[in-house]
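Report on one structure; see the data block that follows.
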Amino acid sequence: MKQNKSLLILAILTVALLAVYFLPLVIFAKHILILTLFYAFLGTGWNLMCGYAGRLSLGHAAFAAVGAYTSIFLFKEFNLTPWLGMFVGGGLAVLVMLLIAYPSFRFGLKGPYFTLASIAVAEIVHNLLIYGRDFTGGSLGLSLPYVPTSLAMFQFDGKELYYLVILAFWLLAVFLTIKMERTRYYLEAIREDEDAAAALGISVNKNLIAAACISAFLVAVGGTFYGQYFRYIDPYSIAGFSLSLNMALVVVIGGSGTIFGPTIGAFVLIPLTEILRMSLGSQYPGLHLFLYGILLVVCIIYLPKGIASLPGIIRARNDKKARQLDQGSEGVL
Amino acid sequence: MAEKILMVDNISKRFGGLQATDKVSFDVRAGEILGIIGPNGAGKSTLFNLITGFYPIDEGTITYHGERIDGLTPDQICHKGITRTFQVAKPFPGLTIADNILVACLPKADKVSDARAKVDEILKIVSLDKKAGSLGADLTTLERKRLELGKALATNPEILLLDEVMTGLKPKEMDDMMELIKELKKTKTIVIVEHVMRVIMNISDRIIVLDHGQKIAEGLPREIAENPLVIEAYLGRGAKNA
Amino acid sequence: MEMLLQIIASGLLLGGIYALLSVGLNLIFGVIKIVNLAHGDFLMMGMYATFFLFTLKDINPYVSVLIIFPAFVLVGVLIFRFIIKPLLGKAETEVNTIIATAGLGFVLQNLALMLWKSDFRAIETNLTGKSYEFAGIMLSAGRTWAFVICIAIALILYYILMKTKVGTHIRAVSQDTDAATLMGINVNRIYTLTFAAGIALVGAAGAIITPTFYVYPTVGLYFNTMAFIIVVLGGLGSFTGALIGGLLIGLVESFAGVMASSELAQVFSLLIFLFILFVKPEGIMGKGARV
């Protein structure tokens with residue numbers, strides 16, 4: 001998609017989502033919207049490395065955890081505003097990513113090996129969080145000390161302002177993705193054929209590491225938001241495999257390696273499953289996750305490139321039909 | 001004599017027990033078409049891999065316009081002005097032909113729009129303009145070869161290294177490709193590895209011959225055709241296998 | 001000194017269990033070349049099956065292996081046919097199969113959660129709480145029997161792989177599918193067989209360890225991690241590698257668990273895992289090239 005077209009779509013979506021802010025909605029609906037945009041944001045970050053560059057990471061929760069724990073810890077100990085704590089957390093996440101990404105790419109770790117490594121890293125972070133209970137609260141997690149609505153301290157009573165914040169984050173992430181047009185092409189080339197890309201002048205390592213670090217930073221920022229919104233984090237929610245898988249899920253179903261795929265995926269999945277969780281969750285714990293899993297399996301088999309690929313598939317099928325019709329009429333002659 | 005722009009001096013490469021390249025030296029002169037021939041396994045593709053940085057050399061030097069390029073990464077060497085094609089064409093399967101070319105134009109373009117502007121022109125040169133929307137995965141062998149060449153051209157190289165572009169083509173297609181290469185010679189220097197003798201003899205200004213990793217002959221096409229060492233390298237091997 | 005022997009013994013017992021677990025994963029990973037992230041969750045299912053067979057039908061867990069093994073073969077065949085096979089043979093096979101099996105694992109975990117809730121279950125057999133004494137070391141009865149049976153199954157499997165026609169076919173396919181096809185081997189059938197065998201093995205492993213481990217929906221996650229570490233450590237595609245790797249990791253855990261907390265022990269194993277991945281992904285015994 002050309003940049004201008006994408007920017008236009010982004011503008012329209014943003015206006016629409018802003019308009020929603022003014023609608024009188026039930027609290028639960030607002031919560032769903034926030035959660036949806038949250039996953040759209042995380043997914044967009046994840047997509048940069050894993051969708052475009054094709055290096056599947058199922059351990060990105062590690063970065064969300066680094067972001068969340070850093071900003072909450074700095075707030076509790078030093079009263080540092082989470083806005084700054086967010087950047088510190090993001091910076092730390094980038095460092096962690098560099099620690100893994102550099103040797104991974106240098107040693108040519110690809111495909112399932114890379115994925116396994118990413119899972120291992122997330123597990124390490126998860127375990128360290130439990131072990132370091134003096135700083136992290138261990139299995140019991142960290143609670144965010146309550147502060148009445150304060151922009152400076154990134155806490156709000158009521159959901160409206162959180163919605164605006166996550167909307168802004170999402171907007172920035174998608175905008176960044178659109179603007180990184182050249183890098184996106186490079187990453188796709190690297191995903192398709194690394195050697196061919198290098199032979200054409202594309203620096204494989206530089207681009208991969210850049211994508212990796214940006215994705216780590218964005219997901220870490222998402223972690224901070226999570227902490228500020230839910231006011232509680234623990235190693236199972238923010239550093240667990242579920243979060244990593246959800247990020248991947250949203251992108252895969254929406255359309256991996258596309259600008260709006262993660263957003264589409266989030267809007268399709270999150271409202272559906274949250275409503276399911278609320279209505280049937282107590283009776284059948286895990287039902288919504290169960291359906292997540294089934295959706296993922298079905299999607300990857302029948303629609304591997306996600307919902308975003310549907311227009312292309314339909315178009316191709318119509319082209320094929322049109323061609324057949326042409327040939328058919330010629331044959332009749 | 002034209003300027004020597006690429007100088008390969010005594011380069012060697014060993015893979016485990018195999019000496020793939022053995023103290024090979026030659027130079028490439030501006031504006032020429034240099035042919036490289038040799039029996040199978042002679043080390044021709046390895047040579048390209050060494051020059052473009054896909055494998056590191058064990059010894060020797062490679063100098064381009066007076067600057068050492070051995071040790072640089074493939075993308076750096078491409079930026080310097082040397083681009084290679086791959087023997088088995090490597091299209092980007094999930095991207096359209098147009099995007100394949102676009103990606104190739106990008107590294108040397110200041111703005112994405114500049115790169116986009118070049119795509120149609122390149123597609124026309126390699127006769128793929130009608131298939132711009134097809135995916136890289138859905139091409140015929142000939143189309144893949146053309147795309148491979150198109151991508152290389154898109155990087156605007158000074159030296160173009162062509163690795164067996166003729167393999168798998170029908171005679172008429174080969175003629176077309178030869179015409180195209182002769183056209184390209186007007187603006188570029190070309191080093192071409194080939195098996196098809198009539199092609200090499202037809203278009204090369206000079207030829208070097210490799211066998212078992214060593215350079216065994218160098219000279220004008222008709223000199224090479226009459227060189228007893230060359231004949232033995234080819235026919236001798238054929239006689240053994242017969 | 002006794003303490004050291006005790007730790008080693010416990011480690012080896014645990015290692016034998018890990019070994020059986022990994023052998024199944026190694027088969028799938030080594031032959032079909034896909035990552036089965038749901039492996040541990042099939043273990044969990046095997047454990048639940050054993051639990052219910054014991055509590056509802058009074059069937060001894062070691063006997064229920066005979067029921068669970070064939071049942072899981074069937075399950076494996078179905079899953080291969082409908083989930084794995086459609087994804088094979090394409091450019092994104094590796095990535096897609098990881099995602100698919102991750103989803104499958106999720107499905108299994110949450111199915112268990114929905115049906116049987118998150119309570120920890122345990123069974124009490126005539127072996128529970130009993131220990132055998134051997135040269136001054138105490139060996140948990142349950143773990144000892146688990147070890148014995150796991151090693152027995154592993155040896156049977158080894159024999160099958162090395163000495164039978166089917167085993168040779170499997171090894172051929174894992175080394176070169178094209179050549180195998182040219183030799184007349186039905187690769188698809190071998191894949192199905194291998195996958196089903198892998199699933200059945202891990203289900204059986206679940207049955208064997210139920211007497212000595214708690215059963216809960218996410219019990220598979222820990223074992224899954226361990227299995228992957230072992231498979232990579234021992235070398236992809238190497239049967240003996242998986243065995244040795246299993247015993248090694250069992251030892252490492254036993255030692256680390258004594259010297260530090262269980263979380264650190266895990267971190268230690270994971271760091272070893274990462275190290276192997278970076279430096280020598282072929283593992284100790286493997287010959288497989290880097291992906």
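Simple scheme: letters A, B, ... for chains in structure tokens order, numbers from 1 for residues in each chain, numbers from 1 for ligands in the order shown.
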Counting only C-alpha atoms, chain C residues within 7 Å of chain A, as a PDB file with N, CA and C atoms, in the first residue's frame:
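part_33.pdb written:
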ATOM      1  N   VAL C  35       8.309 -27.967  14.873  1.00  0.00           N
ATOM      2  CA  VAL C  35       8.347 -27.779  16.312  1.00  0.00           C
ATOM      3  C   VAL C  35       6.953 -28.026  16.865  1.00  0.00           C
ATOM      4  N   PRO C  86      -1.819 -30.181   6.374  1.00  0.00           N
ATOM      5  CA  PRO C  86      -2.151 -29.062   5.489  1.00  0.00           C
ATOM      6  C   PRO C  86      -1.087 -27.967   5.475  1.00  0.00           C
ATOM      7  N   LEU C  87      -0.263 -27.948   6.509  1.00  0.00           N
ATOM      8  CA  LEU C  87       0.702 -26.868   6.601  1.00  0.00           C
ATOM      9  C   LEU C  87       2.056 -27.220   6.018  1.00  0.00           C
ATOM     10  N   GLU C  94       7.638 -23.805   8.590  1.00  0.00           N
ATOM     11  CA  GLU C  94       8.225 -23.770   9.935  1.00  0.00           C
ATOM     12  C   GLU C  94       7.448 -22.844  10.846  1.00  0.00           C
ATOM     13  N   VAL C  95       7.263 -21.634  10.392  1.00  0.00           N
ATOM     14  CA  VAL C  95       6.575 -20.645  11.210  1.00  0.00           C
ATOM     15  C   VAL C  95       5.142 -21.073  11.484  1.00  0.00           C
ATOM     16  N   ASN C  96       4.458 -21.510  10.442  1.00  0.00           N
ATOM     17  CA  ASN C  96       3.036 -21.839  10.603  1.00  0.00           C
ATOM     18  C   ASN C  96       2.821 -23.016  11.531  1.00  0.00           C
ATOM     19  N   ALA C 100       0.636 -23.071  14.810  1.00  0.00           N
ATOM     20  CA  ALA C 100      -0.469 -24.023  14.917  1.00  0.00           C
ATOM     21  C   ALA C 100      -0.341 -24.865  16.183  1.00  0.00           C
ATOM     22  N   GLY C 103      -1.118 -22.861  19.222  1.00  0.00           N
ATOM     23  CA  GLY C 103      -2.561 -22.754  19.368  1.00  0.00           C
ATOM     24  C   GLY C 103      -3.155 -24.040  19.903  1.00  0.00           C
ATOM     25  N   LEU C 104      -2.656 -25.159  19.386  1.00  0.00           N
ATOM     26  CA  LEU C 104      -3.153 -26.465  19.822  1.00  0.00           C
ATOM     27  C   LEU C 104      -2.904 -26.657  21.311  1.00  0.00           C
ATOM     28  N   PHE C 106      -2.580 -24.394  23.534  1.00  0.00           N
ATOM     29  CA  PHE C 106      -3.509 -23.505  24.225  1.00  0.00           C
ATOM     30  C   PHE C 106      -4.879 -24.165  24.347  1.00  0.00           C
ATOM     31  N   VAL C 107      -5.303 -24.740  23.242  1.00  0.00           N
ATOM     32  CA  VAL C 107      -6.605 -25.405  23.221  1.00  0.00           C
ATOM     33  C   VAL C 107      -6.643 -26.510  24.266  1.00  0.00           C
ATOM     34  N   ASN C 110      -6.621 -25.155  27.945  1.00  0.00           N
ATOM     35  CA  ASN C 110      -7.862 -24.535  28.374  1.00  0.00           C
ATOM     36  C   ASN C 110      -9.036 -25.491  28.341  1.00  0.00           C
ATOM     37  N   LEU C 111      -8.931 -26.502  27.517  1.00  0.00           N
ATOM     38  CA  LEU C 111      -9.927 -27.560  27.554  1.00  0.00           C
ATOM     39  C   LEU C 111      -9.875 -28.237  28.913  1.00  0.00           C
ATOM     40  N   LEU C 113      -8.700 -26.946  31.577  1.00  0.00           N
ATOM     41  CA  LEU C 113      -9.137 -25.971  32.571  1.00  0.00           C
ATOM     42  C   LEU C 113     -10.664 -25.921  32.652  1.00  0.00           C
ATOM     43  N   MET C 114     -11.288 -25.922  31.503  1.00  0.00           N
ATOM     44  CA  MET C 114     -12.745 -25.830  31.474  1.00  0.00           C
ATOM     45  C   MET C 114     -13.383 -27.076  32.059  1.00  0.00           C
ATOM     46  N   GLU C 263      13.667 -21.610  40.871  1.00  0.00           N
ATOM     47  CA  GLU C 263      13.624 -20.663  39.743  1.00  0.00           C
ATOM     48  C   GLU C 263      15.002 -20.478  39.148  1.00  0.00           C
ATOM     49  N   VAL C 267      16.469 -21.097  35.413  1.00  0.00           N
ATOM     50  CA  VAL C 267      17.215 -20.084  34.659  1.00  0.00           C
ATOM     51  C   VAL C 267      18.523 -20.674  34.170  1.00  0.00           C
ATOM     52  N   LEU C 270      17.956 -22.897  31.294  1.00  0.00           N
ATOM     53  CA  LEU C 270      17.596 -22.100  30.122  1.00  0.00           C
ATOM     54  C   LEU C 270      18.814 -21.406  29.531  1.00  0.00           C
ATOM     55  N   LEU C 274      20.185 -21.619  25.767  1.00  0.00           N
ATOM     56  CA  LEU C 274      20.489 -20.506  24.868  1.00  0.00           C
ATOM     57  C   LEU C 274      21.912 -20.616  24.344  1.00  0.00           C
ATOM     58  N   PHE C 278      22.998 -20.838  20.427  1.00  0.00           N
ATOM     59  CA  PHE C 278      23.853 -19.878  19.749  1.00  0.00           C
ATOM     60  C   PHE C 278      25.087 -20.550  19.182  1.00  0.00           C
ATOM     61  N   VAL C 291      19.579 -24.183  10.995  1.00  0.00           N
ATOM     62  CA  VAL C 291      18.436 -23.946  10.116  1.00  0.00           C
ATOM     63  C   VAL C 291      18.736 -22.771   9.193  1.00  0.00           C
TER      64      VAL C 291
END
Any idea what's packed within 12 Å of Ala137 in chain B, counting only C-alpha atoms, ignoring anything in its chain fewer than 4 positions away? Could you give it as number ranges by chain? A: 192; B: 89-97, 100, 133, 141, 143-144, 147; C: 90-91
Shell of 9 Å around Ala2 in chain B, only C-alpha atoms, local chain residues under 2 positions omitted, as a PyMOL selection string: chain B and resi 4-5+29-32
Keeping only N, CA and C atoms, write those residues as a compact mmCIF listing (two decimals), in the first residue's frame.
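Below you can see out24.txt, which holds the result:
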# COMPACT_ATOMS: atom_id res chain seq x y z
N LYS B 4 42.09 -1.05 -15.44
CA LYS B 4 41.77 -2.24 -14.64
C LYS B 4 41.02 -1.79 -13.40
N ILE B 5 39.76 -2.11 -13.32
CA ILE B 5 38.99 -1.60 -12.19
C ILE B 5 38.89 -2.61 -11.04
N ARG B 29 38.69 -5.31 -16.72
CA ARG B 29 38.91 -3.99 -17.29
C ARG B 29 37.62 -3.30 -17.61
N ALA B 30 37.62 -1.98 -17.47
CA ALA B 30 36.40 -1.19 -17.66
C ALA B 30 35.79 -1.44 -19.02
N GLY B 31 34.48 -1.64 -19.05
CA GLY B 31 33.75 -1.74 -20.31
C GLY B 31 33.86 -3.07 -21.03
N GLU B 32 34.56 -4.06 -20.46
CA GLU B 32 34.70 -5.31 -21.18
C GLU B 32 33.66 -6.32 -20.70
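Any residue of chain B with an atom within 6 Å of chain A counts; using only C-alpha atoms, that gives Pro74, Asp75, Cys78, His79, Phe92, Ala104 and Pro107 of chain B.
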Need to verify the contact set: Val94 in chain A, 7 Å, only C-alpha atoms, exclusion of same-chain residues closer than 5 positions in sequence. Can you return it as a ChimeraX atom specification? /A:213,216-217
Restrict the selected residues to N, CA and C atoms and save them as a PDB file, in the first residue's frame.
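Result file follows (selection.pdb):
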ATOM      1  N   CYS A 213      14.759  -3.946  17.987  1.00  0.00           N
ATOM      2  CA  CYS A 213      14.819  -2.979  19.089  1.00  0.00           C
ATOM      3  C   CYS A 213      13.580  -2.093  19.136  1.00  0.00           C
ATOM      4  N   ALA A 216      10.847  -4.123  20.592  1.00  0.00           N
ATOM      5  CA  ALA A 216      11.020  -4.310  22.037  1.00  0.00           C
ATOM      6  C   ALA A 216      10.609  -3.052  22.790  1.00  0.00           C
ATOM      7  N   PHE A 217      11.014  -1.897  22.266  1.00  0.00           N
ATOM      8  CA  PHE A 217      10.690  -0.628  22.924  1.00  0.00           C
ATOM      9  C   PHE A 217       9.183  -0.423  22.990  1.00  0.00           C
TER      10      PHE A 217
END
If DSSP is run on the backbone, what residues of range 139-242 of chain A are helix (DSSP H, G or I)? A reply as a CSV table (one decimal) with C-alpha atoms, in the first residue's frame would be ideal.
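Generated file (states24.csv):
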chain,number,residue,atom,x,y,z
A,139,SER,CA,4.8,-14.5,42.5
A,140,LEU,CA,2.6,-12.1,44.3
A,160,GLU,CA,-11.8,7.8,29.4
A,161,LEU,CA,-8.3,9.3,29.7
A,162,TYR,CA,-6.7,5.8,29.6
A,163,TYR,CA,-8.5,5.4,26.3
A,164,LEU,CA,-7.1,8.6,24.9
A,165,VAL,CA,-3.6,7.6,26.0
A,166,ILE,CA,-3.7,4.1,24.4
A,167,LEU,CA,-5.3,5.6,21.3
A,168,ALA,CA,-2.3,8.0,21.1
A,169,PHE,CA,0.2,5.2,21.6
A,170,TRP,CA,-1.6,3.1,18.9
A,171,LEU,CA,-1.7,6.0,16.6
A,172,LEU,CA,2.1,6.6,17.0
A,173,ALA,CA,2.9,3.0,16.5
A,174,VAL,CA,0.9,2.6,13.3
A,175,PHE,CA,2.2,6.0,12.0
A,176,LEU,CA,5.7,4.9,12.7
A,177,THR,CA,5.1,1.7,10.8
A,178,ILE,CA,3.7,3.6,7.8
A,179,LYS,CA,6.6,6.0,7.8
A,181,GLU,CA,8.3,2.4,4.3
A,182,ARG,CA,11.9,1.7,3.2
A,183,THR,CA,12.7,-0.4,6.2
A,184,ARG,CA,9.5,-2.4,5.7
A,185,TYR,CA,10.6,-3.3,2.2
A,186,TYR,CA,14.1,-4.2,3.4
A,187,LEU,CA,12.7,-6.4,6.2
A,188,GLU,CA,10.3,-8.2,3.8
A,189,ALA,CA,13.2,-8.8,1.4
A,190,ILE,CA,15.3,-10.2,4.3
A,191,ARG,CA,12.4,-12.4,5.3
A,192,GLU,CA,11.9,-13.7,1.8
A,194,GLU,CA,18.4,-13.0,3.1
A,195,ASP,CA,21.3,-13.7,0.7
A,196,ALA,CA,19.4,-12.1,-2.2
A,197,ALA,CA,18.7,-9.1,0.0
A,198,ALA,CA,22.4,-8.8,1.0
A,199,ALA,CA,23.5,-9.1,-2.6
A,204,VAL,CA,20.7,-7.7,7.0
A,205,ASN,CA,21.9,-7.4,10.5
A,206,LYS,CA,21.4,-3.6,10.8
A,207,ASN,CA,17.8,-3.8,9.6
A,208,LEU,CA,16.9,-6.9,11.7
A,209,ILE,CA,18.4,-5.4,14.9
A,210,ALA,CA,16.7,-2.0,14.2
A,211,ALA,CA,13.3,-3.8,13.8
A,212,ALA,CA,13.9,-5.9,16.9
A,213,CYS,CA,14.8,-3.0,19.1
A,214,ILE,CA,11.9,-0.8,18.0
A,215,SER,CA,9.5,-3.7,18.6
A,216,ALA,CA,11.0,-4.3,22.0
A,217,PHE,CA,10.7,-0.6,22.9
A,218,LEU,CA,7.1,-0.4,21.8
A,219,VAL,CA,6.1,-3.6,23.6
A,220,ALA,CA,7.8,-2.3,26.8
A,221,VAL,CA,5.9,0.9,26.6
A,222,GLY,CA,2.8,-1.2,26.3
A,223,GLY,CA,3.9,-3.0,29.5
A,224,THR,CA,4.0,0.3,31.3
A,225,PHE,CA,0.5,1.2,30.1
A,226,TYR,CA,-0.7,-2.2,31.3
A,227,GLY,CA,0.7,-1.5,34.8
A,228,GLN,CA,-0.8,1.9,35.0
A,229,TYR,CA,-4.2,0.8,33.8
A,230,PHE,CA,-4.6,-2.4,35.8
A,235,PRO,CA,5.0,-12.6,36.5
A,236,TYR,CA,2.1,-14.7,35.1
A,237,SER,CA,0.2,-12.0,33.5
A,238,ILE,CA,2.8,-9.7,32.2
A,241,PHE,CA,3.4,-17.2,27.5
A,242,SER,CA,-0.2,-16.1,27.2
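Interatomic distance, CA of Thr55 in chain C to CA of Met226 in chain C: 28.4 Å.
The residue set within 9 Å of Leu34 in chain B, counting only C-alpha atoms and dropping same-chain residues fewer than 6 places from it, reads Val28, Thr189, Ile190, Val191, Ile192, Val193, Ile200, Ile203, Ser204, Asp205, Arg206, Ile207 and Ile208 of chain B.
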Select, from C:Lys130, C:Arg121, C:Arg143, C:Arg189, the residue with the minimum atom-to-atom distance to Ala49 in chain C, counting only C-alpha atoms. C:Arg121
List every residue of range 19-219 of chain B that DSSP, applied to the backbone, labels as strand (DSSP E or B), and write the result as a ChimeraX atom specification. /B:19-29,33-37,59-64,67-68,82-84,96,135,159-163,189-193,206-211,214-219
Please save N, CA and C atoms of the selected residues as a short mmCIF file (atom, residue, chain, number, x, y, z; two decimals), in the first residue's frame.
data_model
loop_
_atom_site.label_atom_id
_atom_site.label_comp_id
_atom_site.auth_asym_id
_atom_site.auth_seq_id
_atom_site.Cartn_x
_atom_site.Cartn_y
_atom_site.Cartn_z
N GLN B 19 40.19 -27.71 -1.84
CA GLN B 19 40.72 -26.41 -2.19
C GLN B 19 39.88 -25.88 -3.33
N ALA B 20 38.85 -25.09 -3.01
CA ALA B 20 37.92 -24.65 -4.03
C ALA B 20 38.52 -23.61 -4.95
N THR B 21 39.35 -22.76 -4.38
CA THR B 21 40.00 -21.73 -5.17
C THR B 21 41.48 -21.74 -4.80
N ASP B 22 42.33 -21.78 -5.81
CA ASP B 22 43.75 -21.99 -5.56
C ASP B 22 44.60 -20.93 -6.23
N LYS B 23 44.95 -19.91 -5.48
CA LYS B 23 45.83 -18.85 -5.94
C LYS B 23 45.40 -18.29 -7.31
N VAL B 24 44.17 -17.84 -7.37
CA VAL B 24 43.66 -17.30 -8.62
C VAL B 24 43.92 -15.81 -8.71
N SER B 25 44.43 -15.37 -9.83
CA SER B 25 44.65 -13.94 -10.07
C SER B 25 44.12 -13.55 -11.43
N PHE B 26 43.44 -12.45 -11.50
CA PHE B 26 43.05 -11.88 -12.79
C PHE B 26 42.57 -10.48 -12.54
N ASP B 27 42.35 -9.74 -13.62
CA ASP B 27 41.79 -8.41 -13.45
C ASP B 27 40.62 -8.22 -14.40
N VAL B 28 39.82 -7.23 -14.08
CA VAL B 28 38.66 -6.91 -14.90
C VAL B 28 38.84 -5.48 -15.40
N ARG B 29 38.69 -5.31 -16.72
CA ARG B 29 38.91 -3.99 -17.29
C ARG B 29 37.62 -3.30 -17.61
N ILE B 33 33.55 -7.40 -21.51
CA ILE B 33 32.82 -8.57 -21.03
C ILE B 33 33.87 -9.66 -20.82
N LEU B 34 34.06 -10.04 -19.56
CA LEU B 34 35.04 -11.08 -19.23
C LEU B 34 34.30 -12.38 -19.01
N GLY B 35 34.66 -13.40 -19.75
CA GLY B 35 33.99 -14.69 -19.58
C GLY B 35 34.80 -15.59 -18.66
N ILE B 36 34.12 -16.37 -17.85
CA ILE B 36 34.80 -17.35 -17.01
C ILE B 36 34.20 -18.71 -17.32
N ILE B 37 35.05 -19.62 -17.75
CA ILE B 37 34.55 -20.96 -18.05
C ILE B 37 35.37 -21.99 -17.31
N GLU B 59 43.34 -16.31 1.66
CA GLU B 59 44.53 -15.50 1.42
C GLU B 59 44.35 -14.72 0.12
N GLY B 60 45.22 -13.73 -0.06
CA GLY B 60 45.15 -12.92 -1.28
C GLY B 60 44.43 -11.63 -1.03
N THR B 61 44.27 -10.85 -2.09
CA THR B 61 43.56 -9.58 -1.95
C THR B 61 42.63 -9.37 -3.13
N ILE B 62 41.59 -8.60 -2.90
CA ILE B 62 40.70 -8.18 -3.97
C ILE B 62 40.61 -6.67 -3.89
N THR B 63 40.95 -6.03 -4.98
CA THR B 63 41.01 -4.56 -4.97
C THR B 63 40.08 -4.00 -6.02
N TYR B 64 39.29 -3.03 -5.65
CA TYR B 64 38.33 -2.41 -6.56
C TYR B 64 38.61 -0.92 -6.59
N GLU B 67 40.87 0.19 -3.96
CA GLU B 67 40.47 0.01 -2.56
C GLU B 67 40.28 -1.47 -2.26
N ARG B 68 40.80 -1.96 -1.13
CA ARG B 68 40.64 -3.36 -0.77
C ARG B 68 39.16 -3.64 -0.43
N ILE B 82 29.56 -3.38 -7.21
CA ILE B 82 29.62 -4.72 -7.80
C ILE B 82 28.38 -5.49 -7.38
N THR B 83 27.62 -5.94 -8.36
CA THR B 83 26.43 -6.72 -8.05
C THR B 83 26.49 -8.07 -8.76
N ARG B 84 26.05 -9.13 -8.06
CA ARG B 84 26.07 -10.45 -8.68
C ARG B 84 24.66 -11.00 -8.80
N THR B 96 5.53 -9.10 -5.20
CA THR B 96 5.24 -9.01 -6.64
C THR B 96 6.53 -8.69 -7.39
N LEU B 135 3.38 -12.75 -8.53
CA LEU B 135 4.25 -12.98 -7.38
C LEU B 135 5.54 -13.66 -7.82
N ILE B 159 30.13 -3.02 -12.11
CA ILE B 159 30.47 -4.36 -12.57
C ILE B 159 29.30 -5.29 -12.27
N LEU B 160 28.87 -6.02 -13.28
CA LEU B 160 27.77 -6.95 -13.13
C LEU B 160 28.34 -8.36 -13.24
N LEU B 161 28.14 -9.17 -12.20
CA LEU B 161 28.63 -10.56 -12.22
C LEU B 161 27.45 -11.47 -12.54
N LEU B 162 27.47 -12.08 -13.69
CA LEU B 162 26.36 -12.94 -14.10
C LEU B 162 26.74 -14.41 -13.94
N ASP B 163 25.98 -15.13 -13.11
CA ASP B 163 26.32 -16.52 -12.82
C ASP B 163 25.38 -17.46 -13.57
N THR B 189 30.41 -2.93 -17.01
CA THR B 189 31.41 -3.97 -17.20
C THR B 189 30.79 -5.27 -16.73
N ILE B 190 31.02 -6.32 -17.50
CA ILE B 190 30.32 -7.56 -17.17
C ILE B 190 31.30 -8.71 -17.04
N VAL B 191 31.13 -9.49 -15.99
CA VAL B 191 31.87 -10.74 -15.85
C VAL B 191 30.83 -11.84 -15.89
N ILE B 192 31.00 -12.77 -16.80
CA ILE B 192 29.95 -13.77 -16.98
C ILE B 192 30.52 -15.18 -16.88
N VAL B 193 29.92 -15.97 -15.99
CA VAL B 193 30.27 -17.38 -15.86
C VAL B 193 29.27 -18.15 -16.71
N ARG B 206 37.36 -11.11 -23.38
CA ARG B 206 38.45 -11.98 -22.93
C ARG B 206 37.82 -13.12 -22.14
N ILE B 207 38.60 -14.19 -22.00
CA ILE B 207 38.08 -15.34 -21.26
C ILE B 207 39.15 -15.84 -20.29
N ILE B 208 38.74 -16.22 -19.09
CA ILE B 208 39.67 -16.97 -18.25
C ILE B 208 39.06 -18.34 -17.99
N VAL B 209 39.94 -19.31 -17.83
CA VAL B 209 39.49 -20.69 -17.67
C VAL B 209 39.92 -21.22 -16.32
N LEU B 210 38.98 -21.79 -15.59
CA LEU B 210 39.30 -22.37 -14.28
C LEU B 210 39.19 -23.88 -14.36
N ASP B 211 40.02 -24.55 -13.59
CA ASP B 211 39.90 -26.00 -13.46
C ASP B 211 40.44 -26.39 -12.09
N GLN B 214 41.96 -23.66 -10.02
CA GLN B 214 43.09 -22.87 -10.50
C GLN B 214 42.78 -22.24 -11.85
N LYS B 215 43.44 -21.09 -12.11
CA LYS B 215 43.28 -20.50 -13.43
C LYS B 215 44.28 -21.19 -14.35
N ILE B 216 43.78 -21.82 -15.40
CA ILE B 216 44.71 -22.53 -16.28
C ILE B 216 44.94 -21.84 -17.60
N ALA B 217 44.12 -20.82 -17.90
CA ALA B 217 44.34 -20.11 -19.16
C ALA B 217 43.65 -18.77 -19.13
N GLU B 218 44.15 -17.84 -19.93
CA GLU B 218 43.53 -16.52 -20.03
C GLU B 218 43.86 -15.96 -21.39
N GLY B 219 42.85 -15.35 -22.00
CA GLY B 219 43.16 -14.77 -23.31
C GLY B 219 41.92 -14.47 -24.12
#
Find the residues around Leu72 in chain B up to 6 Å (only C-alpha atoms counted), leave out those fewer than 2 positions away in its own chain, and share them as a compact mmCIF listing (two decimals) with C-alpha atoms, in the first residue's frame.
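The file below, result.txt, is the result:
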# COMPACT_ATOMS: atom_id res chain seq x y z
CA GLY B 53 31.86 -11.24 0.22
CA ILE B 69 37.18 -4.97 -0.71
CA ASP B 70 37.99 -8.42 0.63
Residue neighbourhood Asn186 in chain C, 10 Å, only C-alpha atoms, exclusion window fewer than 6 positions, as a PyMOL selection string: chain C and resi 169+173+177+180
Quick check, in Å to one decimal: how far apart do CA of Phe73 in chain A and CA of Ala152 in chain A lie? 16.5 Å
